[in-house]
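What follows is the content of input_13.txt (compact mmCIF, C-alpha atoms).
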```txt
# COMPACT_ATOMS: atom_id res chain seq x y z
CA MET A 81 126.13 42.22 56.10
CA ALA A 82 127.43 45.78 55.57
CA LYS A 83 126.10 45.74 52.01
CA LYS A 84 122.64 44.87 53.26
CA THR A 85 122.75 47.76 55.74
CA ARG A 86 123.81 50.19 52.98
CA LYS A 87 120.92 49.08 50.74
CA GLN A 88 118.44 49.42 53.57
CA ALA A 89 119.72 52.92 54.34
CA GLY A 90 119.35 54.17 50.77
CA GLY A 91 122.21 52.59 48.95
CA THR A 92 125.02 55.15 49.13
CA PRO A 93 127.64 56.05 51.74
CA ALA A 94 126.05 59.53 51.92
CA THR A 95 122.63 58.21 52.90
CA VAL A 96 124.22 55.72 55.30
CA ALA A 97 126.07 58.62 56.99
CA LEU A 98 122.87 60.67 57.25
CA THR A 99 120.92 57.76 58.68
CA ALA A 100 123.66 56.87 61.16
CA ALA A 101 123.78 60.49 62.37
CA GLY A 102 120.00 60.63 62.77
CA THR A 103 119.88 63.65 60.48
CA PRO A 104 116.50 64.37 58.84
CA PHE A 105 116.66 64.30 55.04
CA THR A 106 114.56 63.65 51.97
CA LEU A 107 115.85 61.55 49.10
CA HIS A 108 114.96 62.59 45.53
CA ALA A 109 115.59 60.29 42.56
CA TYR A 110 115.30 61.24 38.90
CA ASP A 111 116.24 59.74 35.56
CA HIS A 112 119.76 60.91 34.78
CA ASP A 113 120.49 61.73 31.13
CA PRO A 114 124.13 60.83 30.35
CA ALA A 115 124.09 63.47 27.57
CA SER A 116 123.25 66.30 29.99
CA PRO A 117 126.00 68.96 29.95
CA SER A 118 125.49 69.91 33.63
CA TYR A 119 124.66 67.38 36.34
CA GLY A 120 123.55 70.10 38.77
CA GLU A 121 121.31 71.97 36.36
CA GLU A 122 119.82 68.66 35.27
CA ALA A 123 119.01 67.86 38.92
CA ALA A 124 117.41 71.26 39.52
CA GLU A 125 115.24 70.93 36.44
CA ALA A 126 114.27 67.31 37.10
CA LEU A 127 113.31 68.06 40.70
CA GLY A 128 111.61 71.38 39.95
CA VAL A 129 113.89 73.14 42.45
CA SER A 130 115.51 76.55 42.00
CA PRO A 131 119.17 76.23 40.88
CA GLU A 132 120.07 78.48 43.83
CA ARG A 133 118.93 75.67 46.19
CA VAL A 134 120.73 72.85 44.39
CA PHE A 135 124.41 72.69 45.32
CA LYS A 136 127.21 70.96 43.46
CA THR A 137 130.17 69.31 45.13
CA LEU A 138 133.53 70.20 43.60
CA VAL A 139 136.95 68.97 44.62
CA ALA A 140 139.84 71.42 44.42
CA ASP A 141 143.52 71.28 45.25
CA VAL A 142 144.43 74.00 47.73
CA ASP A 143 148.17 74.21 48.26
CA GLY A 144 148.52 70.48 47.64
CA GLU A 145 145.57 69.39 49.80
CA LEU A 146 142.27 68.21 48.33
CA THR A 147 139.39 70.34 49.55
CA VAL A 148 135.65 70.07 48.94
CA ALA A 149 133.71 73.13 47.80
CA VAL A 150 129.90 73.06 47.89
CA VAL A 151 128.38 75.84 45.76
CA PRO A 152 125.05 76.54 44.04
CA VAL A 153 124.71 75.06 40.56
CA ALA A 154 123.45 78.48 39.46
CA GLY A 155 126.99 79.87 39.75
CA GLN A 156 130.65 79.00 39.77
CA LEU A 157 133.34 78.34 42.32
CA ASP A 158 135.65 81.26 43.08
CA LEU A 159 138.98 79.46 43.54
CA LYS A 160 140.68 82.46 45.17
CA ALA A 161 137.86 82.74 47.72
CA LEU A 162 138.09 78.99 48.41
CA ALA A 163 141.82 79.23 49.07
CA ALA A 164 141.28 82.20 51.37
CA ALA A 165 138.49 80.39 53.26
CA VAL A 166 140.88 77.62 54.31
CA GLY A 167 143.93 79.82 54.84
CA GLY A 168 145.56 78.76 51.59
CA LYS A 169 147.35 80.70 48.91
CA ARG A 170 146.42 78.96 45.67
CA ALA A 171 143.58 76.72 44.52
CA ALA A 172 142.95 74.82 41.30
CA MET A 173 140.40 72.21 40.34
CA ALA A 174 141.58 68.75 41.35
CA ASP A 175 142.38 66.05 38.85
CA PRO A 176 139.05 64.23 38.28
CA ALA A 177 140.63 60.80 38.80
CA ALA A 178 142.16 61.93 42.12
CA ALA A 179 138.79 63.36 43.21
CA GLU A 180 137.02 60.09 42.40
CA ARG A 181 139.68 57.92 44.02
CA THR A 182 139.79 60.01 47.21
CA THR A 183 136.04 60.49 47.68
CA GLY A 184 134.93 57.06 46.47
CA TYR A 185 132.35 58.64 44.16
CA VAL A 186 132.19 59.23 40.40
CA ARG A 187 132.08 62.69 38.82
CA GLY A 188 128.54 63.98 38.77
CA GLY A 189 127.78 61.92 41.86
CA ILE A 190 130.34 63.21 44.36
CA SER A 191 128.69 63.95 47.67
CA PRO A 192 130.22 65.94 50.52
CA LEU A 193 128.90 63.19 52.82
CA GLY A 194 130.19 59.65 53.28
CA GLN A 195 133.45 60.17 51.43
CA ARG A 196 136.09 57.44 51.50
CA LYS A 197 138.58 59.95 52.95
CA ARG A 198 137.08 62.87 54.83
CA LEU A 199 138.24 66.09 53.20
CA ARG A 200 138.03 69.58 54.60
CA THR A 201 134.87 71.19 53.29
CA VAL A 202 133.74 74.73 52.54
CA LEU A 203 130.03 75.44 52.07
CA ASP A 204 129.05 78.59 50.22
CA ALA A 205 127.52 81.10 52.63
CA SER A 206 124.45 81.47 50.39
CA ALA A 207 123.26 78.08 51.69
CA GLY A 208 122.18 79.86 54.88
CA GLN A 209 119.48 81.72 52.93
CA HIS A 210 117.51 78.49 52.47
CA ALA A 211 115.65 76.24 54.90
CA THR A 212 116.86 73.24 52.89
CA ILE A 213 119.27 72.63 50.04
CA CYS A 214 119.81 69.69 47.70
CA ILE A 215 123.17 67.98 47.24
CA SER A 216 124.28 64.80 45.54
CA ALA A 217 123.34 61.70 47.47
CA GLY A 218 126.32 59.86 46.04
CA ARG A 219 125.28 58.86 42.56
CA ARG A 220 124.02 60.49 39.40
CA GLY A 221 120.25 60.83 39.48
CA LEU A 222 119.99 60.89 43.27
CA GLU A 223 119.84 64.04 45.42
CA VAL A 224 119.40 64.49 49.13
CA GLU A 225 117.57 67.48 50.60
CA LEU A 226 118.61 68.63 54.06
CA ALA A 227 119.10 71.71 56.21
CA PRO A 228 122.35 73.57 55.44
CA LYS A 229 123.21 73.65 59.15
CA ASP A 230 123.02 69.85 59.24
CA LEU A 231 125.30 69.54 56.21
CA ALA A 232 127.79 71.96 57.80
CA ALA A 233 127.73 70.03 61.09
CA LEU A 234 128.19 66.61 59.47
CA THR A 235 131.10 67.74 57.29
CA SER A 236 132.65 70.20 59.79
CA ALA A 237 132.34 72.71 56.96
CA VAL A 238 133.54 76.27 56.99
CA LEU A 239 130.86 78.68 55.70
CA ALA A 240 132.31 81.28 53.36
CA PRO A 241 131.30 83.22 50.23
CA ILE A 242 133.05 80.95 47.71
CA GLY A 243 130.46 81.04 44.92
CA ARG A 244 130.02 83.67 42.25
CA ALA A 245 127.19 84.29 39.81
```

Final structure tokens representation of the file:
Amino acid sequence: MAKKTRKQAGGTPATVALTAAGTPFTLHAYDHDPASPSYGEEAAEALGVSPERVFKTLVADVDGELTVAVVPVAGQLDLKALAAAVGGKRAAMADPAAAERTTGYVRGGISPLGQRKRLRTVLDASAGQHATICISAGRRGLEVELAPKDLAALTSAVLAPIGRA
């Protein structure tokens, strides 16, 4: 029965979470090219959306604790700024296998929503400049568009300047 509910709600834990919360969102699907060097840039191009409005979900290890960073695909994650945003001292990118195992998603499809284990989340402050942003909906080739304030509320995210050009 749960599988049927997931399919009806859009097919991913992220869309199920959005639907359950009653959060308004728009789902965007596109044909994912496995040869694409950047999942985020591919999404921006396929959807015709500015790369500043498409955000990638990265998992980092901050002082031994996995932490989600959501930053524009047009830039990079500033690991020092991420550590500072959560009161940590040192941050490094998490082992991809650990990120997949903990979130329940595959690389290129990790969403900050509907994760297997809820991780603390930091959303780049630039998200507030946009009425809506796009994030992974939980699988490659599927993006969800929603208000940044809704994403922050659903993930209990800290807003901080963690991205750099």

Could you list, with a cut-off of 8 Å and counting only C-alpha atoms, the residues of range 98-217 of chain A near range 223-238 of chain A, each shown with its nearest atom pair and the distance in Å rounded to one decimal, rows sorted by chain and ascending number, as a tab-separated table?
```
residue	atom	partner	partner_atom	distance
A:Thr103	CA	A:Asp230	CA	7.1
A:Pro104	CA	A:Leu226	CA	6.7
A:Phe105	CA	A:Leu226	CA	4.8
A:Thr106	CA	A:Glu225	CA	5.1
A:Leu107	CA	A:Val224	CA	4.6
A:His108	CA	A:Glu223	CA	5.1
A:Ala109	CA	A:Glu223	CA	6.3
A:Ala123	CA	A:Glu223	CA	7.6
A:Ala165	CA	A:Val238	CA	7.4
A:Val166	CA	A:Val238	CA	7.9
A:Pro192	CA	A:Thr235	CA	7.1
A:Leu193	CA	A:Thr235	CA	6.7
A:Arg200	CA	A:Ala237	CA	6.9
A:Thr201	CA	A:Ala237	CA	4.7
A:Val202	CA	A:Val238	CA	4.7
A:Leu203	CA	A:Ala237	CA	6.1
A:Ala207	CA	A:Pro228	CA	5.9
A:Gly208	CA	A:Pro228	CA	6.3
A:His210	CA	A:Pro228	CA	7.5
A:Ala211	CA	A:Ala227	CA	5.8
A:Thr212	CA	A:Ala227	CA	4.3
A:Ile213	CA	A:Glu225	CA	5.5
A:Cys214	CA	A:Glu225	CA	4.3
A:Ile215	CA	A:Glu223	CA	5.5
A:Ser216	CA	A:Glu223	CA	4.5
A:Ala217	CA	A:Glu223	CA	4.7
```

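With CA of Asp158 in chain A on one side and CA of Pro241 in chain A on the other, the separation reads 8.6 Å.
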
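The space separating CA of Gly221 in chain A from CA of Gly188 in chain A comes to 8.9 Å.
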
### Query
Which of these residues is nearest to Ser116 in chain A, using only C-alpha atoms: A:Arg196, A:Arg133, A:Arg220, A:Arg244?
A:Arg220

### Query
Any idea what's packed within 8 Å of Asp204 in chain A, counting all atoms listed in the file, ignoring anything in its chain fewer than 3 positions away? Could you give it as a ChimeraX atom specification?
/A:149-152,207,239-243
